$ cat start-v5.pdb   # PDB, C-alpha atoms
MODEL        1
ATOM      1  CA  MET A   1       6.433  31.733   2.188
ATOM      2  CA  LEU A   2       8.848  30.541  -0.430
ATOM      3  CA  LEU A   3       6.605  27.562  -1.046
ATOM      4  CA  LEU A   4       3.593  29.830  -1.494
ATOM      5  CA  ALA A   5       5.479  31.969  -3.969
ATOM      6  CA  TRP A   6       6.545  28.852  -5.811
ATOM      7  CA  LEU A   7       3.004  27.491  -5.900
ATOM      8  CA  GLY A   8       1.806  30.810  -7.270
ATOM      9  CA  LEU A   9       4.452  30.638  -9.951
ATOM     10  CA  ALA A  10       3.510  27.056 -10.847
ATOM     11  CA  ALA A  11      -0.151  28.050 -11.100
ATOM     12  CA  ALA A  12       0.748  30.951 -13.341
ATOM     13  CA  GLN A  13       2.708  28.659 -15.628
ATOM     14  CA  GLU A  14      -0.184  26.240 -15.744
ATOM     15  CA  ALA A  15      -2.655  28.953 -16.583
ATOM     16  CA  ARG A  16      -0.836  30.221 -19.653
ATOM     17  CA  PRO A  17      -1.824  27.501 -22.147
ATOM     18  CA  LEU A  18      -5.444  27.886 -21.073
ATOM     19  CA  ALA A  19      -5.630  31.270 -22.742
ATOM     20  CA  GLU A  20      -3.898  29.960 -25.847
ATOM     21  CA  ASP A  21      -6.332  27.236 -26.748
ATOM     22  CA  PRO A  22      -9.378  26.814 -24.505
ATOM     23  CA  VAL A  23     -10.789  23.938 -26.566
ATOM     24  CA  LEU A  24      -7.614  21.890 -26.249
ATOM     25  CA  GLU A  25      -7.338  22.731 -22.572
ATOM     26  CA  ALA A  26     -10.918  21.607 -21.927
ATOM     27  CA  GLN A  27     -10.069  18.311 -23.610
ATOM     28  CA  VAL A  28      -6.899  17.951 -21.521
ATOM     29  CA  MET A  29      -8.895  18.538 -18.359
ATOM     30  CA  ARG A  30     -11.615  16.095 -19.374
ATOM     31  CA  ILE A  31      -9.048  13.321 -19.854
ATOM     32  CA  ALA A  32      -7.125  14.324 -16.723
ATOM     33  CA  ASP A  33     -10.407  14.083 -14.820
ATOM     34  CA  GLU A  34     -10.560  10.360 -15.611
ATOM     35  CA  LEU A  35      -7.104   9.699 -14.193
ATOM     36  CA  ARG A  36      -6.038   9.194 -10.616
ATOM     37  CA  CYS A  37      -2.957  10.989  -9.371
ATOM     38  CA  LEU A  38      -0.598   8.365  -7.975
ATOM     39  CA  VAL A  39       1.157  10.742  -5.630
ATOM     40  CA  CYS A  40      -1.998  11.947  -3.881
ATOM     41  CA  GLN A  41      -4.262   9.026  -4.527
ATOM     42  CA  ASN A  42      -7.648  10.578  -3.874
ATOM     43  CA  GLU A  43      -7.200  13.387  -6.342
ATOM     44  CA  THR A  44      -7.552  13.375 -10.091
ATOM     45  CA  ILE A  45      -4.700  14.412 -12.339
ATOM     46  CA  ALA A  46      -6.881  17.396 -13.223
ATOM     47  CA  ALA A  47      -7.235  18.545  -9.623
ATOM     48  CA  SER A  48      -3.818  17.720  -8.233
ATOM     49  CA  HIS A  49      -0.975  20.165  -7.793
ATOM     50  CA  ALA A  50       1.594  17.384  -7.436
ATOM     51  CA  ASP A  51       4.608  17.644  -9.701
ATOM     52  CA  LEU A  52       3.780  14.396 -11.446
ATOM     53  CA  ALA A  53       0.206  15.509 -12.150
ATOM     54  CA  VAL A  54       1.500  18.701 -13.762
ATOM     55  CA  ASP A  55       3.866  16.603 -15.911
ATOM     56  CA  LEU A  56       1.125  14.199 -16.905
ATOM     57  CA  ARG A  57      -1.213  17.051 -17.873
ATOM     58  CA  LYS A  58       1.614  18.354 -20.033
ATOM     59  CA  GLN A  59       1.984  14.887 -21.500
ATOM     60  CA  ILE A  60      -1.758  14.706 -22.304
ATOM     61  CA  ARG A  61      -1.627  18.145 -23.900
ATOM     62  CA  GLN A  62       1.355  17.216 -26.088
ATOM     63  CA  GLN A  63      -0.202  13.959 -27.190
ATOM     64  CA  LEU A  64      -3.467  15.686 -28.096
ATOM     65  CA  GLN A  65      -1.500  18.185 -30.142
ATOM     66  CA  GLN A  66       0.107  15.243 -31.929
ATOM     67  CA  GLY A  67      -3.391  14.110 -32.836
ATOM     68  CA  ARG A  68      -3.667  11.084 -30.572
ATOM     69  CA  SER A  69      -7.127  10.031 -29.471
ATOM     70  CA  GLU A  70      -8.455  10.037 -25.921
ATOM     71  CA  GLN A  71      -8.399   6.228 -25.857
ATOM     72  CA  GLN A  72      -4.766   6.143 -27.007
ATOM     73  CA  ILE A  73      -3.805   8.525 -24.216
ATOM     74  CA  LEU A  74      -5.668   6.493 -21.588
ATOM     75  CA  ASP A  75      -3.906   3.349 -22.886
ATOM     76  CA  PHE A  76      -0.576   5.171 -22.615
ATOM     77  CA  MET A  77      -1.268   5.864 -18.943
ATOM     78  CA  VAL A  78      -2.503   2.334 -18.162
ATOM     79  CA  GLN A  79       0.603   0.845 -19.794
ATOM     80  CA  ARG A  80       2.759   2.783 -17.342
ATOM     81  CA  TYR A  81       0.750   2.994 -14.155
ATOM     82  CA  GLY A  82      -1.730   0.121 -14.446
ATOM     83  CA  ASP A  83      -5.522   0.086 -14.194
ATOM     84  CA  PHE A  84      -5.140   1.912 -10.911
ATOM     85  CA  VAL A  85      -4.874   5.255 -12.735
ATOM     86  CA  LEU A  86      -8.361   4.860 -14.153
ATOM     87  CA  TYR A  87     -11.193   6.136 -12.000
ATOM     88  CA  ARG A  88     -13.459   3.799 -13.954
ATOM     89  CA  PRO A  89     -11.632   0.457 -14.041
ATOM     90  CA  PRO A  90     -12.396  -1.884 -16.964
ATOM     91  CA  VAL A  91     -14.541  -4.977 -16.474
ATOM     92  CA  LYS A  92     -12.304  -8.047 -16.688
ATOM     93  CA  SER A  93     -11.658 -11.265 -14.817
ATOM     94  CA  SER A  94      -9.624  -9.585 -12.073
ATOM     95  CA  THR A  95     -12.232  -6.878 -11.486
ATOM     96  CA  TRP A  96     -15.486  -8.808 -11.770
ATOM     97  CA  LEU A  97     -15.759  -8.969  -7.988
ATOM     98  CA  LEU A  98     -15.402  -5.188  -7.837
ATOM     99  CA  TRP A  99     -18.171  -4.648 -10.395
ATOM    100  CA  GLY A 100     -20.371  -7.619  -9.520
ATOM    101  CA  GLY A 101     -19.867  -7.688  -5.734
ATOM    102  CA  PRO A 102     -22.511  -5.082  -4.842
ATOM    103  CA  PHE A 103     -25.117  -6.842  -6.993
ATOM    104  CA  VAL A 104     -24.273 -10.215  -5.424
ATOM    105  CA  LEU A 105     -24.705  -8.660  -1.962
ATOM    106  CA  LEU A 106     -27.992  -7.075  -3.061
ATOM    107  CA  GLY A 107     -29.183 -10.472  -4.319
ATOM    108  CA  VAL A 108     -28.263 -12.185  -1.046
ATOM    109  CA  ALA A 109     -30.042  -9.468   0.951
ATOM    110  CA  LEU A 110     -33.196  -9.715  -1.199
ATOM    111  CA  LEU A 111     -33.198 -13.505  -0.882
ATOM    112  CA  GLY A 112     -32.893 -13.238   2.913
ATOM    113  CA  LEU A 113     -35.683 -10.660   3.018
ATOM    114  CA  GLY A 114     -37.960 -12.829   0.862
ATOM    115  CA  LEU A 115     -37.372 -15.933   2.981
ATOM    116  CA  ASN A 116     -38.002 -13.976   6.161
ATOM    117  CA  ILE A 117     -41.281 -12.501   4.888
ATOM    118  CA  ARG A 118     -42.480 -15.945   3.786
ATOM    119  CA  ARG A 119     -41.657 -17.426   7.163
ATOM    120  CA  ARG A 120     -43.576 -14.694   8.995
ATOM    121  CA  ARG A 121     -46.549 -15.014   6.714
ATOM    122  CA  SER A 122     -46.837 -18.769   7.286
ATOM    123  CA  LEU A 123     -46.555 -18.172  11.051
ATOM    124  CA  ALA A 124     -49.305 -15.566  11.008
ATOM    125  CA  SER A 125     -51.692 -17.640   8.938
ATOM    126  CA  ALA A 126     -51.448 -20.786  11.048
ATOM    127  CA  PRO A 127     -54.605 -21.016  13.225
ATOM    128  CA  LEU A 128     -54.026 -21.264  16.965
ATOM    129  CA  GLN A 129     -54.842 -24.578  18.520
ATOM    130  CA  GLY A 130     -56.253 -25.728  21.832
ATOM    131  CA  ALA A 131     -54.508 -24.266  24.843
ATOM    132  CA  ASP A 132     -52.871 -21.444  22.867
ATOM    133  CA  ALA A 133     -56.237 -20.253  21.545
ATOM    134  CA  GLU A 134     -57.700 -20.438  25.033
ATOM    135  CA  ARG A 135     -54.817 -18.343  26.425
ATOM    136  CA  VAL A 136     -55.180 -15.677  23.759
ATOM    137  CA  ARG A 137     -58.876 -15.408  24.413
ATOM    138  CA  ARG A 138     -58.264 -15.067  28.124
ATOM    139  CA  LEU A 139     -55.579 -12.397  27.712
ATOM    140  CA  LEU A 140     -57.677 -10.367  25.284
ATOM    141  CA  GLY A 141     -60.681 -10.687  27.577
ATOM    142  CA  GLU A 142     -58.648  -9.446  30.538
ATOM    143  CA  GLU A 143     -57.549  -6.424  28.598
ATOM    144  CA  LYS A 144     -61.111  -5.444  27.770
ATOM    145  CA  SER A 145     -62.375  -5.555  31.306
TER     146      SER A 145
ATOM    147  CA  MET B 146     -27.449 -19.944  20.564
ATOM    148  CA  LYS B 147     -27.814 -20.720  16.883
ATOM    149  CA  ARG B 148     -29.221 -17.289  16.043
ATOM    150  CA  TYR B 149     -25.984 -15.690  17.213
ATOM    151  CA  LEU B 150     -23.836 -17.967  15.104
ATOM    152  CA  LEU B 151     -24.466 -16.330  11.713
ATOM    153  CA  PRO B 152     -23.760 -12.726  12.829
ATOM    154  CA  LEU B 153     -20.651 -13.989  14.575
ATOM    155  CA  ILE B 154     -19.387 -15.649  11.390
ATOM    156  CA  VAL B 155     -20.136 -12.514   9.347
ATOM    157  CA  PHE B 156     -18.305 -10.434  11.926
ATOM    158  CA  ALA B 157     -15.296 -12.775  11.889
ATOM    159  CA  VAL B 158     -15.077 -12.655   8.092
ATOM    160  CA  MET B 159     -15.281  -8.868   8.137
ATOM    161  CA  LEU B 160     -12.604  -8.738  10.809
ATOM    162  CA  GLY B 161     -10.397 -10.923   8.634
ATOM    163  CA  PHE B 162     -10.767  -8.625   5.632
ATOM    164  CA  LEU B 163     -10.099  -5.540   7.723
ATOM    165  CA  ALA B 164      -7.001  -7.124   9.282
ATOM    166  CA  VAL B 165      -5.581  -7.900   5.839
ATOM    167  CA  GLY B 166      -6.517  -4.403   4.682
ATOM    168  CA  LEU B 167      -4.557  -2.862   7.528
ATOM    169  CA  LYS B 168      -1.399  -4.628   6.407
ATOM    170  CA  LEU B 169      -1.640  -3.563   2.772
ATOM    171  CA  ASN B 170       0.233  -0.475   1.706
ATOM    172  CA  PRO B 171      -2.000   1.627  -0.530
ATOM    173  CA  ARG B 172       1.026   3.493  -1.854
ATOM    174  CA  GLU B 173       2.361   0.339  -3.460
ATOM    175  CA  VAL B 174       0.538   0.081  -6.726
ATOM    176  CA  PRO B 175       1.458  -3.090  -8.632
ATOM    177  CA  SER B 176       3.361  -2.061 -11.736
ATOM    178  CA  PRO B 177       2.061  -3.294 -15.080
ATOM    179  CA  LEU B 178       5.676  -3.239 -16.303
ATOM    180  CA  ILE B 179       6.733  -6.381 -14.442
ATOM    181  CA  ASP B 180       7.874  -9.062 -16.945
ATOM    182  CA  LYS B 181       7.615  -6.531 -19.768
ATOM    183  CA  PRO B 182      10.546  -5.170 -21.775
ATOM    184  CA  ALA B 183      12.110  -2.163 -20.073
ATOM    185  CA  PRO B 184      11.101   1.025 -21.912
ATOM    186  CA  ALA B 185      13.876   2.263 -24.183
ATOM    187  CA  PHE B 186      15.778   5.398 -23.261
ATOM    188  CA  LYS B 187      18.727   7.401 -24.424
ATOM    189  CA  LEU B 188      19.892   9.944 -21.918
ATOM    190  CA  ALA B 189      22.957  12.019 -21.171
ATOM    191  CA  ARG B 190      25.221  10.747 -18.426
ATOM    192  CA  LEU B 191      25.189  12.879 -15.323
ATOM    193  CA  ASP B 192      28.972  12.970 -14.960
ATOM    194  CA  THR B 193      29.774  13.423 -18.658
ATOM    195  CA  PRO B 194      26.714  15.010 -20.305
ATOM    196  CA  GLU B 195      28.289  14.872 -23.766
ATOM    197  CA  GLN B 196      28.025  11.075 -23.587
ATOM    198  CA  ASN B 197      24.721   9.252 -23.963
ATOM    199  CA  LEU B 198      23.731   5.974 -22.433
ATOM    200  CA  SER B 199      20.906   3.882 -23.839
ATOM    201  CA  LEU B 200      19.090   0.740 -22.830
ATOM    202  CA  GLN B 201      20.935  -1.262 -25.520
ATOM    203  CA  ASP B 202      24.257  -0.438 -23.854
ATOM    204  CA  LEU B 203      23.119  -2.365 -20.798
ATOM    205  CA  GLN B 204      21.860  -5.501 -22.534
ATOM    206  CA  GLY B 205      23.409  -8.762 -21.504
ATOM    207  CA  LYS B 206      23.724  -8.151 -17.800
ATOM    208  CA  VAL B 207      21.502  -8.083 -14.764
ATOM    209  CA  TRP B 208      21.376  -4.579 -13.336
ATOM    210  CA  LEU B 209      19.499  -2.321 -10.970
ATOM    211  CA  LEU B 210      17.924   0.928 -12.029
ATOM    212  CA  ASN B 211      17.597   3.205  -9.032
ATOM    213  CA  VAL B 212      15.518   6.352  -9.429
ATOM    214  CA  TRP B 213      16.897   9.128  -7.243
ATOM    215  CA  ALA B 214      17.092  12.886  -6.862
ATOM    216  CA  SER B 215      18.971  15.306  -4.658
ATOM    217  CA  TRP B 216      15.648  16.809  -3.508
ATOM    218  CA  CYS B 217      14.370  13.408  -2.431
ATOM    219  CA  VAL B 218      14.585  12.987   1.333
ATOM    220  CA  ALA B 219      13.809   9.264   1.373
ATOM    221  CA  CYS B 220      16.705   8.662  -1.034
ATOM    222  CA  ARG B 221      19.096   9.618   1.739
ATOM    223  CA  VAL B 222      17.674   6.782   3.835
ATOM    224  CA  GLU B 223      18.508   4.042   1.349
ATOM    225  CA  HIS B 224      21.697   5.606   0.046
ATOM    226  CA  PRO B 225      24.226   4.081   2.498
ATOM    227  CA  LEU B 226      22.798   0.659   1.669
ATOM    228  CA  LEU B 227      23.274   1.265  -2.051
ATOM    229  CA  VAL B 228      26.850   2.432  -1.496
ATOM    230  CA  GLU B 229      27.485  -0.743   0.464
ATOM    231  CA  LEU B 230      25.842  -2.885  -2.235
ATOM    232  CA  ALA B 231      27.951  -1.234  -4.935
ATOM    233  CA  GLY B 232      31.056  -1.932  -2.851
ATOM    234  CA  SER B 233      30.168  -5.620  -2.620
ATOM    235  CA  GLY B 234      30.056  -5.847  -6.416
ATOM    236  CA  ALA B 235      26.978  -8.076  -6.349
ATOM    237  CA  VAL B 236      25.142  -6.171  -9.042
ATOM    238  CA  PRO B 237      25.807  -2.984 -11.037
ATOM    239  CA  ILE B 238      23.556  -0.090 -10.077
ATOM    240  CA  TYR B 239      22.606   2.563 -12.589
ATOM    241  CA  GLY B 240      20.924   5.736 -11.418
ATOM    242  CA  LEU B 241      18.094   7.627 -13.012
ATOM    243  CA  ASN B 242      18.535  11.167 -11.777
ATOM    244  CA  TYR B 243      14.888  12.187 -11.830
ATOM    245  CA  LYS B 244      13.877  15.832 -12.369
ATOM    246  CA  ASP B 245      17.006  17.196 -10.786
ATOM    247  CA  LYS B 246      19.503  19.965 -11.427
ATOM    248  CA  ARG B 247      22.890  18.689 -12.529
ATOM    249  CA  ASP B 248      24.898  20.759 -10.048
ATOM    250  CA  ASP B 249      22.674  19.724  -7.130
ATOM    251  CA  ALA B 250      22.891  16.076  -8.163
ATOM    252  CA  LEU B 251      26.687  16.097  -8.471
ATOM    253  CA  ALA B 252      27.063  17.855  -5.117
ATOM    254  CA  TRP B 253      24.730  15.334  -3.520
ATOM    255  CA  LEU B 254      26.759  12.395  -4.860
ATOM    256  CA  ALA B 255      30.007  14.018  -3.721
ATOM    257  CA  LYS B 256      28.577  14.399  -0.245
ATOM    258  CA  HIS B 257      26.839  11.053   0.226
ATOM    259  CA  GLY B 258      28.934   8.784  -1.997
ATOM    260  CA  ASN B 259      28.308   7.500  -5.505
ATOM    261  CA  PRO B 260      27.118   3.895  -5.789
ATOM    262  CA  TYR B 261      26.221   4.239  -9.464
ATOM    263  CA  VAL B 262      28.189   2.905 -12.403
ATOM    264  CA  ALA B 263      26.559   5.824 -14.167
ATOM    265  CA  SER B 264      23.619   8.095 -13.578
ATOM    266  CA  LEU B 265      21.300   9.271 -16.327
ATOM    267  CA  SER B 266      19.940  12.799 -16.365
ATOM    268  CA  ASP B 267      16.170  12.674 -16.716
ATOM    269  CA  THR B 268      15.728  16.404 -16.288
ATOM    270  CA  GLU B 269      12.204  16.517 -17.724
ATOM    271  CA  GLY B 270      11.076  13.322 -16.040
ATOM    272  CA  LEU B 271       9.992  11.798 -19.361
ATOM    273  CA  VAL B 272      11.844   8.506 -18.908
ATOM    274  CA  GLY B 273      10.397   8.502 -15.395
ATOM    275  CA  ILE B 274       6.904   8.602 -16.922
ATOM    276  CA  ASP B 275       7.803   5.712 -19.254
ATOM    277  CA  TYR B 276       8.870   3.682 -16.234
ATOM    278  CA  GLY B 277       5.727   4.625 -14.321
ATOM    279  CA  VAL B 278       7.691   6.391 -11.609
ATOM    280  CA  TYR B 279       5.457   8.167  -9.117
ATOM    281  CA  GLY B 280       7.422   8.139  -5.888
ATOM    282  CA  VAL B 281      11.169   8.560  -5.696
ATOM    283  CA  PRO B 282      13.101   6.447  -4.750
ATOM    284  CA  GLU B 283      12.133   3.476  -6.856
ATOM    285  CA  THR B 284      14.306   0.525  -7.790
ATOM    286  CA  PHE B 285      13.946  -1.799 -10.765
ATOM    287  CA  VAL B 286      15.667  -5.132 -11.348
ATOM    288  CA  ILE B 287      16.280  -5.632 -15.069
ATOM    289  CA  ASP B 288      17.502  -8.927 -16.487
ATOM    290  CA  LYS B 289      19.952  -9.799 -19.274
ATOM    291  CA  ALA B 290      17.272  -9.646 -21.942
ATOM    292  CA  GLY B 291      16.199  -6.192 -20.804
ATOM    293  CA  THR B 292      13.024  -7.342 -19.069
ATOM    294  CA  ILE B 293      11.862  -5.681 -15.870
ATOM    295  CA  ARG B 294      11.659  -8.354 -13.190
ATOM    296  CA  LEU B 295      10.976  -6.351 -10.069
ATOM    297  CA  LYS B 296       9.951  -2.887  -9.037
ATOM    298  CA  HIS B 297      10.457  -1.719  -5.505
ATOM    299  CA  ILE B 298       8.746   1.492  -4.450
ATOM    300  CA  GLY B 299      10.235   3.546  -1.661
ATOM    301  CA  PRO B 300      13.618   3.227   0.037
ATOM    302  CA  VAL B 301      15.340  -0.147  -0.283
ATOM    303  CA  THR B 302      15.578  -1.666   3.181
ATOM    304  CA  PRO B 303      18.184  -4.252   4.279
ATOM    305  CA  GLU B 304      15.354  -6.823   4.492
ATOM    306  CA  VAL B 305      14.123  -6.180   0.946
ATOM    307  CA  LEU B 306      17.689  -6.328  -0.333
ATOM    308  CA  ARG B 307      18.490  -9.544   1.494
ATOM    309  CA  ASP B 308      15.187 -11.378   1.001
ATOM    310  CA  THR B 309      14.046 -10.205  -2.414
ATOM    311  CA  ILE B 310      16.505  -8.281  -4.553
ATOM    312  CA  LEU B 311      19.725 -10.247  -4.028
ATOM    313  CA  PRO B 312      18.139 -13.715  -4.383
ATOM    314  CA  LEU B 313      16.438 -12.534  -7.577
ATOM    315  CA  VAL B 314      19.707 -11.150  -8.984
ATOM    316  CA  LYS B 315      21.410 -14.426  -8.154
ATOM    317  CA  LYS B 316      18.680 -16.427  -9.870
ATOM    318  CA  LEU B 317      18.780 -14.212 -12.973
ATOM    319  CA  ASN B 318      22.550 -14.461 -13.184
ATOM    320  CA  ALA B 319      22.503 -18.247 -12.877
TER     321      ALA B 319
ENDMDL
END
$ encode --input "start-v5.pdb" --output "C-alpha cells"
Amino acid sequence: MLLLAWLGLAAAQEARPLAEDPVLEAQVMRIADELRCLVCQNETIAASHADLAVDLRKQIRQQLQQGRSEQQILDFMVQRYGDFVLYRPPVKSSTWLLWGGPFVLLGVALLGLGLNIRRRRSLASAPLQGADAERVRRLLGEEKS
Amino acid sequence: MKRYLLPLIVFAVMLGFLAVGLKLNPREVPSPLIDKPAPAFKLARLDTPEQNLSLQDLQGKVWLLNVWASWCVACRVEHPLLVELAGSGAVPIYGLNYKDKRDDALAWLAKHGNPYVASLSDTEGLVGIDYGVYGVPETFVIDKAGTIRLKHIGPVTPEVLRDTILPLVKKLNA
C-alpha cells in the first residue's frame, strides 16, 4: 500500500515537467526511448519506473536544457554504461557478427537450397536405363489395370 | 549414417553455445570505464559533511571504492567481509553512500560496523551516474594513478576477494 502510494507520488513528480514544456519533454522521451534501462534490462529508460531510469531521464532533460545535442547525450551514456545502453548498437569490429550474422546465415541457407535444387533437377532429368525403365513400366502398367 | 552427421554437428554446436549462455550473467554488463581515469568527484564526507573529499585527495594509493546504501539489502551480505578486509589493513576502502539519507546511513554503519576510511554522500546519485553505477553494491579497484582497474557488480564474495581483488591490489601496489 505504501509502495503504491509512493509510486503514485513518483509518477506525479514525473508528470510535472511535462506540462511545463511539452516540446522538451517529447525530446527527452525520444532520447530515453533509444536507451536501455540497466536495472530492468528489457525496458527502455523512457518506459522504466526504476529509480535509475528516473534519474537518467532527469539527466537527459538537464543536458537538453544546457543545449547539448542528442548525439552528445547518447555519448555521455555510452561513456558510462557502454554500448549496452544503446538499443541500436554501433557497427564496429566487436559487433560485426551481431549485424552480419543473420545475413551470413541467410547466405548459407540460400547456398544449401540452390545446391539441393540443382541436385534434384539433375536426378530428375537423367533418363532411366535398362532394368529400372522396365520396372517403372511394369509398375505403371499394374496401376492402370 | 552420413546424412545424420551434419545435423548432429549443428546440434552439438548449438548445445555448446547454449551451455555457455547459461553460465553468463546478463546482469554483469562490462564497464567501459575499465582502464580509464576514474571520474572526478568532490563530495561531502558522510561523517563530517562540512569537509569535502575529492578524487585528488586519494591519488598515490591503491584503494577500493565501494558503492553502498542503507536501503540496499545485498550490501548487508557483503558487509561483514568488508569489515574484515578493513581490519586486515590490506587496502583502504572508501564508501560511496549512494542515494541515501544521512541519518539512515550513519545508523546503518553504527549497527553493522564501519569498514570505510571515509564515506562520501552522493545524495543525488550524480557521481553514481558518472561511475556507471546501476546496481548497488558495486566495488571499484582504483590504482595509484587514479585509473579504474576493476569493477565488481553485486556483493563481494570471499572467492572474488581472494581470487581477483586481493591479487590485483597486490600487483598494483608492487
$ interface_residues --input "start-v5.pdb" --of "chain A" --to "chain B" --cutoff "8 Å" --atoms "all atoms listed in the file" --output "JSON, numbers by chain"
{"A": [38, 39, 52, 55, 78, 79, 80, 81, 82, 84]}
$ write_last_selection --input "start-v5.pdb" --atoms "C-alpha atoms" --output "JSON list (two decimals), in the coordinates of the input"
[["chain", "number", "residue", "atom", "x", "y", "z"],
["A", 38, "LEU", "CA", -0.60, 8.36, -7.98],
["A", 39, "VAL", "CA", 1.16, 10.74, -5.63],
["A", 52, "LEU", "CA", 3.78, 14.40, -11.45],
["A", 55, "ASP", "CA", 3.87, 16.60, -15.91],
["A", 78, "VAL", "CA", -2.50, 2.33, -18.16],
["A", 79, "GLN", "CA", 0.60, 0.84, -19.79],
["A", 80, "ARG", "CA", 2.76, 2.78, -17.34],
["A", 81, "TYR", "CA", 0.75, 2.99, -14.16],
["A", 82, "GLY", "CA", -1.73, 0.12, -14.45],
["A", 84, "PHE", "CA", -5.14, 1.91, -10.91]]
$ residues_around --input "start-v5.pdb" --residues "Lys296 in chain B" --least-positions-apart "5" --cutoff "7 Å" --atoms "only C-alpha atoms" --output "compact mmCIF listing (two decimals) with C-alpha atoms, keeping the file's coordinate frame"
# COMPACT_ATOMS: atom_id res chain seq x y z
CA THR B 284 14.31 0.52 -7.79
CA PHE B 285 13.95 -1.80 -10.76
CA VAL B 286 15.67 -5.13 -11.35
$ atom_distance --input "start-v5.pdb" --atom1 "CA of Trp253 in chain B" --atom2 "CA of Trp216 in chain B"
9.2 Å
$ resolve_selection --input "start-v5.pdb" --expression "the PyMOL selection byres ((chain A and resi 23-34) around 12)" --output "ChimeraX atom specification"
/A:14-22,35-37,42-48,53-75,77-78,83-89
$ resolve_selection --input "start-v5.pdb" --expression "the PyMOL selection byres ((chain B and resi 303) around 12)" --output "list in words"
Val222, Glu223, His224, Pro225, Leu226, Leu227, Glu229, Leu230, Pro300, Val301, Thr302, Glu304, Val305, Leu306, Arg307, Asp308, Thr309, Ile310 and Leu311 of chain B
$ closest_residue --input "start-v5.pdb" --among "B:Ile298, B:Cys217, B:Ala263, B:Leu153" --to "Pro194 in chain B" --atoms "only C-alpha atoms"
B:Ala263
$ resolve_selection --input "start-v5.pdb" --expression "the PyMOL selection byres ((chain B and resi 234) around 12)" --output "list in words"
Trp208, Leu227, Val228, Glu229, Leu230, Ala231, Gly232, Ser233, Ala235, Val236, Pro237, Ile238, Pro260, Tyr261, Val262, Leu311 and Val314 of chain B
$ atom_distance --input "start-v5.pdb" --atom1 "CA of Trp99 in chain A" --atom2 "CA of Leu151 in chain B"
25.8 Å
$ residues_around --input "start-v5.pdb" --residues "Phe186 in chain B" --least-positions-apart "2" --cutoff "12 Å" --atoms "all atoms listed in the file" --output "compact mmCIF listing (two decimals) with C-alpha atoms, in the frame of the given file"
# COMPACT_ATOMS: atom_id res chain seq x y z
CA PRO B 182 10.55 -5.17 -21.78
CA ALA B 183 12.11 -2.16 -20.07
CA PRO B 184 11.10 1.02 -21.91
CA LEU B 188 19.89 9.94 -21.92
CA ALA B 189 22.96 12.02 -21.17
CA ARG B 190 25.22 10.75 -18.43
CA ASN B 197 24.72 9.25 -23.96
CA LEU B 198 23.73 5.97 -22.43
CA SER B 199 20.91 3.88 -23.84
CA LEU B 200 19.09 0.74 -22.83
CA GLN B 201 20.94 -1.26 -25.52
CA ASP B 202 24.26 -0.44 -23.85
CA LEU B 203 23.12 -2.37 -20.80
CA LEU B 241 18.09 7.63 -13.01
CA LEU B 265 21.30 9.27 -16.33
CA SER B 266 19.94 12.80 -16.36
CA ASP B 267 16.17 12.67 -16.72
CA GLY B 270 11.08 13.32 -16.04
CA LEU B 271 9.99 11.80 -19.36
CA VAL B 272 11.84 8.51 -18.91
CA GLY B 273 10.40 8.50 -15.40
CA ILE B 274 6.90 8.60 -16.92
CA ASP B 275 7.80 5.71 -19.25
CA TYR B 276 8.87 3.68 -16.23
CA GLY B 291 16.20 -6.19 -20.80
$ atom_distance --input "start-v5.pdb" --atom1 "CA of Ala164 in chain B" --atom2 "CA of Leu111 in chain A"
28.8 Å
